[in-house]
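Enquirer: The structure follows.
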Protein chains: 2
Amino acid sequence: MKLATRKNGTRDGELVIVSRDLKTCVPVPGIAKTLQAALDDWDALALRLESAYQELNQGNVGTAEAFDEAACHSPLPRSYQWADGSAYVNHVELVRKARGAEMPETFWTDPLMYQGGSDSFIGPRDPILVAQTKGWGVDFEAEIAVITGDTPMGVSADNALGHVRLVMLVNDVSLRGLIPGELAKGFGFFQSKPSSAFSPVAVTPDELGDTWRAGKLHLPLRSWLNGQKFGEPNAGVDMTFNFPKLIAHAAKTRPLAAGCIVGSGTVSNKLGDGPGKPIAEGGVGYSCIAEIRMIETIQDGEAKTGFMEFGDTIKIEMHSEQGENIFGTIEQEVRQYGGA
Amino acid sequence: MKLATRKNGTRDGELVIVSRDLKTCVPVPGIAKTLQAALDDWDALALRLESAYQELNQGNVGTAEAFDEAACHSPLPRSYQWADGSAYVNHVELVRKARGAEMPETFWTDPLMYQGGSDSFIGPRDPILVAQTKGWGVDFEAEIAVITGDTPMGVSADNALGHVRLVMLVNDVSLRGLIPGELAKGFGFFQSKPSSAFSPVAVTPDELGDTWRAGKLHLPLRSWLNGQKFGEPNAGVDMTFNFPKLIAHAAKTRPLAAGCIVGSGTVSNKLGDGPGKPIAEGGVGYSCIAEIRMIETIQDGEAKTGFMEFGDTIKIEMHSEQGENIFGTIEQEVRQYGGA
């Protein structure tokens with residue numbers, strides 16, 4: 001089934017069930033008022049939500065309304081955990097290569113993961129608000145994320161897959177200019193990660209059919225920067241750590257509570273043994289600006305593509321093999337915080 | 001006023017108002033059922049909560065019950081953000097000195113802060129569950145923490161103090177054996193920080209009188225390891241970054257939502273220009289085992305005090321100048337996860 005959260009002036013918004021074609025929706029206050037409430041009591045409520053979803057798809061719901069992605073908040077407007085992995089190790093290797101640093105071999109066996117801020121997500125069409133672009137290096141990062149149910153401490157990767165409740169897309173905005181200073185301090189990202197935005201719709205894994213297999217989502221993740229196709233790497237390719245492995249990593253020393261979001265990190269594909277090619281050269285492109293800048297640096301000695309400026313836009317979507325928009329569209333513009 | 005959350009089988013527990021002397025309490029479902037609900041609507045509810053608190057203190061509440069700290073969860077059993085600073089730079093300098101590393105000068109001007117897991121806090125009397133102690137280096141960290149209201153992005157330190165809603169204590173359990181590997185990866189703590197526990201009671205700053213000044217809490221933070229006094233450093237001394245500065249740091253690039261918890265980091269006092277002395281030598285001791293191990297390493301070439309083993313206990317309290325227990329008592333035992 002497909003679920004979304006409509007903005008309604010409250011902190012957690014209003015849960016709606018969305019039809020498979022994203023055309024209609026219906027609130028289900030008799031089952032759950034918010035997505036967190038549904039996740040908190042998933043075992044008792046999932047079948048009822050699924051049943052309402054089937055009715056909606058069959059056109060049997062008289063109270064169905066037109067679904068407006070622009071009226072949506074992120075599926076969880078705030079969550080209790082946002083644990084973002086870096087599962088496409090190719091992305092990490094490229095970053096390091098660009099600055100001439102070796103990558104430890106353990107990066108291929110032990111997932112990188114950071115704890116993100118989760119109290120103030122923004123909606124999929126909300127502006128990316130920053131105080132300045134100069135020196136901050138505003139970048140998008142297109143990723144896949146899953147929402148888990150309650151997951152016990154020490155869960156094995158073999159048992160983790162069953163704890164995935166929902167799948168969605170995320171734009172994990174990064175301030176590249178603030179990252180080196182923060183990472184040098186050793187405590188990870190904080191100021192370099194402003195509020196993330198998620199796709200309008202979160203879907204249960206069964207909606208993804210055979211493209212959801214081996215704990216990965218095997219479809220291209222498409223992004224457009226200022227209306228120009230920028231990337232369409234396949235999220236099922238070159239994902240060194242699948243979602244069950246990321247979940248097991250996150251849960252090694254503490255349980256994960258219902259509604260925990262686990263991210264894949266920036267989706268990135270290699271080309272043979274080398275880095276991927278830009279879209280303009282016939283490649284699959286990239287899911288963040290930093291990556292094309294690394295390629296440019298490696299090839300030409302300097303980065304030519306700039307980071308995002310005020311007024312720049314980023315659009316992120318994923319389409320099924322039949323060409324349907326699965327999760328709705330993330331589309332955001334960079335704007336000055338406190339500005340007009 | 002003083003607030004606590006009683007375990008009642010739900011994820012967020014039941015908000016109770018607690019009398020100043022911690023002897024009685026009363027639920028206030030007509031005002032707010034949970035602490036998060038109170039924080040979400042603080043401006044509208046705080047005066048009503050305060051009024052109920054005054055009635056309770058005056059013995060006018062017929063439905064008042066005995067307050068049982070052991071029945072409490074952490075004030076927020078789960079929260080949307082747990083941002084822990086490292087404001088006692090002395091602590092950081094000691095860690096570095098013990099391993100012969102220089103500390104960058106910027107550590108005195110730019111706060112260290114990490115994003116902690118906040119979806120599965122444990123109660124103040126709940127056991128510290130770990131799969132193993134061998135090699136993991138189970139340590140306590142006694143800290144002060146504040147809960148903020150909604151705080152705008154880019155708030156100045158001058159304006160941040162007014163966003164503090166509540167103050168409490170925290171045991172930020174750390175797995176010292178897992179820290180070096182995680183920090184070397186550059187993404188900060190994750191597995192090395194299992195679930196934190198907070199004091200049974202959170203209090204509004206006015207409860208602290210003059211001991212809450214200049215954005216710091218000027219009282220000794222006392223801890224006992226296996227019943228032996230281990231530390232009583234003054235939380236108002238050697239705190240390089242006060243809470244307003246920590247809040248401003250956390251909010252530099254994104255807003256903080258109501259219920260965000262900001263921690264001070266391990267409370268640590270210097271002695272003159274040098275490290276503090278153990279309690280046994282007449283000093284104020286330490287708020288974590290790692291620190292005494294560093295002192296031992298610096299003085300004797302090796303650490304003698306071991307980390308916590310199964311069955312070891314840690315107790316943390318803070319007393320007013322009149323000797324009253326302000327926040328109730330954190331008291332936890334290390335137990336094997338999945339064990340008896």
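Each chain in the structure tokens gets a letter, A, B and so on, in the order shown; residues start at 1 in every chain, and ligands are counted from 1 in the order they appear.
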Could you work out which residues of chain B fall inside 7 Å of chain A? Count only C-alpha atoms, and format the result as a ChimeraX atom specification.
Expert: /B:78-81,112-120,130,183,186-191,194-195,250,252-257
Enquirer: If we count only C-alpha atoms and set the cut-off at 6 Å, which residues sit around Gly236 of chain B, ignoring sequence neighbours fewer than 3 positions away in its own chain? Please answer as a PDB file with N, CA, C and O atoms, in the first residue's frame.
Expert:
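File written: result.pdb
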ATOM      1  N   LYS B 216      24.350  28.025  32.921  1.00  0.00           N
ATOM      2  CA  LYS B 216      24.994  26.839  33.510  1.00  0.00           C
ATOM      3  C   LYS B 216      24.307  26.493  34.818  1.00  0.00           C
ATOM      4  O   LYS B 216      23.695  27.351  35.456  1.00  0.00           O
ATOM      5  N   LEU B 217      24.465  25.271  35.255  1.00  0.00           N
ATOM      6  CA  LEU B 217      23.912  24.813  36.522  1.00  0.00           C
ATOM      7  C   LEU B 217      25.066  24.658  37.520  1.00  0.00           C
ATOM      8  O   LEU B 217      25.907  23.774  37.373  1.00  0.00           O
ATOM      9  N   HIS B 218      25.097  25.550  38.523  1.00  0.00           N
ATOM     10  CA  HIS B 218      26.247  25.643  39.422  1.00  0.00           C
ATOM     11  C   HIS B 218      26.087  24.774  40.667  1.00  0.00           C
ATOM     12  O   HIS B 218      25.958  25.286  41.786  1.00  0.00           O
TER      13      HIS B 218
END
Enquirer: Using only C-alpha atoms, find the one residue out of A:Ile179, A:Ile316, A:Met168, A:Ala235 that sits nearest to Val201 of chain A.
Expert: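 Using only C-alpha atoms, Val201 of chain A sits closest to A:Met168.
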Enquirer: Quick one, how far is atom CA of Ile31 of chain B from atom CA of Tyr53 of chain B?
Expert: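 Answer for the atom CA of Ile31 of chain B to atom CA of Tyr53 of chain B separation: 12.0 Å.
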Enquirer: Going by DSSP on the backbone, which residues of segment 32-238 of chain B come out as alpha helix (DSSP H)? List them as an NGL selection string.
Expert: :B and (35-40 or 42-57 or 89-98 or 157-160 or 179-185)
Enquirer: Quick one: residues within 12 Å of Lys229 of chain A, only C-alpha atoms, excluding same-chain residues fewer than 2 positions away - as a ChimeraX atom specification?
Expert: /A:221-227,231-233,278-280,282-288,313-317
Enquirer: For segment 207-209 of chain B, work out the shell of residues within 12 Å, counting only C-alpha atoms and skipping chain neighbours fewer than 2 positions away, then give it as a VMD selection string.
Expert: chain B and resid 1 to 3 19 to 21 50 53 165 to 168 201 to 205 211 to 213 215 to 219 318 to 322 324 to 327
Enquirer: Any chance you could list, as a PDB file with N, CA and C atoms, in the first residue's frame, the residues in segment 152-209 of chain A that come up strand (DSSP E) when DSSP is run on the backbone?
Expert:
ATOM      1  N   VAL A 164      11.387  -4.226   7.899  1.00  0.00           N
ATOM      2  CA  VAL A 164      11.139  -3.079   7.013  1.00  0.00           C
ATOM      3  C   VAL A 164       9.636  -2.919   6.826  1.00  0.00           C
ATOM      4  N   ARG A 165       9.110  -1.751   7.151  1.00  0.00           N
ATOM      5  CA  ARG A 165       7.673  -1.492   7.011  1.00  0.00           C
ATOM      6  C   ARG A 165       7.365  -0.718   5.732  1.00  0.00           C
ATOM      7  N   LEU A 166       8.179   0.285   5.445  1.00  0.00           N
ATOM      8  CA  LEU A 166       7.894   1.179   4.320  1.00  0.00           C
ATOM      9  C   LEU A 166       9.201   1.585   3.637  1.00  0.00           C
ATOM     10  N   VAL A 167       9.056   1.954   2.366  1.00  0.00           N
ATOM     11  CA  VAL A 167      10.202   2.411   1.570  1.00  0.00           C
ATOM     12  C   VAL A 167       9.863   3.787   1.002  1.00  0.00           C
ATOM     13  N   MET A 168      10.838   4.666   0.926  1.00  0.00           N
ATOM     14  CA  MET A 168      10.589   6.005   0.364  1.00  0.00           C
ATOM     15  C   MET A 168      11.886   6.573  -0.189  1.00  0.00           C
ATOM     16  N   LEU A 169      11.827   7.756  -0.760  1.00  0.00           N
ATOM     17  CA  LEU A 169      13.016   8.450  -1.254  1.00  0.00           C
ATOM     18  C   LEU A 169      13.354   9.583  -0.286  1.00  0.00           C
ATOM     19  N   VAL A 170      14.591  10.033  -0.345  1.00  0.00           N
ATOM     20  CA  VAL A 170      14.985  11.145   0.515  1.00  0.00           C
ATOM     21  C   VAL A 170      15.992  12.036  -0.200  1.00  0.00           C
ATOM     22  N   ASN A 171      15.865  13.314   0.032  1.00  0.00           N
ATOM     23  CA  ASN A 171      16.896  14.273  -0.342  1.00  0.00           C
ATOM     24  C   ASN A 171      17.608  14.694   0.932  1.00  0.00           C
ATOM     25  N   SER A 174      23.108  18.370   1.959  1.00  0.00           N
ATOM     26  CA  SER A 174      24.395  18.462   2.642  1.00  0.00           C
ATOM     27  C   SER A 174      25.048  19.801   2.357  1.00  0.00           C
ATOM     28  N   LEU A 175      25.703  20.335   3.357  1.00  0.00           N
ATOM     29  CA  LEU A 175      26.465  21.578   3.186  1.00  0.00           C
ATOM     30  C   LEU A 175      27.939  21.195   3.085  1.00  0.00           C
ATOM     31  N   ALA A 197      14.338  16.137   3.323  1.00  0.00           N
ATOM     32  CA  ALA A 197      12.963  16.024   2.815  1.00  0.00           C
ATOM     33  C   ALA A 197      12.789  14.627   2.226  1.00  0.00           C
ATOM     34  N   PHE A 198      11.612  14.053   2.418  1.00  0.00           N
ATOM     35  CA  PHE A 198      11.324  12.712   1.915  1.00  0.00           C
ATOM     36  C   PHE A 198      10.252  12.785   0.829  1.00  0.00           C
ATOM     37  N   VAL A 201       5.215  10.078  -0.849  1.00  0.00           N
ATOM     38  CA  VAL A 201       4.572   8.800  -0.561  1.00  0.00           C
ATOM     39  C   VAL A 201       5.595   7.779  -0.077  1.00  0.00           C
ATOM     40  N   ALA A 202       5.212   7.014   0.949  1.00  0.00           N
ATOM     41  CA  ALA A 202       5.989   5.861   1.407  1.00  0.00           C
ATOM     42  C   ALA A 202       5.188   4.617   1.039  1.00  0.00           C
ATOM     43  N   VAL A 203       5.864   3.555   0.597  1.00  0.00           N
ATOM     44  CA  VAL A 203       5.139   2.371   0.117  1.00  0.00           C
ATOM     45  C   VAL A 203       5.623   1.123   0.840  1.00  0.00           C
TER      46      VAL A 203
END
Enquirer: Find the residue from A:Arg6, A:Gly276, A:Phe241, A:Ala32 that sits nearest to Ala44 of chain A; use only C-alpha atoms when measuring.
Expert: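 Closest to Ala44 of chain A of all the choices is A:Ala32.
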Enquirer: Can you tell me which residues surround Lys33 of chain A at a distance of at most 10 Å, considering only C-alpha atoms, apart from same-chain residues fewer than 2 positions away, and format the answer as a ChimeraX atom specification?
Expert: /A:5,12-16,27-31,35-38
Enquirer: Between atom CA of Gly149 of chain A and atom CA of Pro200 of chain A, what is the distance, to one decimal in Å?
Expert: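 These two atoms are separated by 19.8 Å.
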Enquirer: Please determine, counting only C-alpha atoms, which residue among B:Val26, B:Gly311, B:Pro75, B:Thr305 has the shortest atom-to-atom distance to Val61 of chain B.
Expert: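 Smallest distance to Val61 of chain B is found for B:Val26.
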Enquirer: One decimal, Å: what's the distance from atom CA of Pro127 of chain B over to atom CA of Glu331 of chain B, could you say?
Expert: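 Separation between atom CA of Pro127 of chain B and atom CA of Glu331 of chain B: 8.5 Å.
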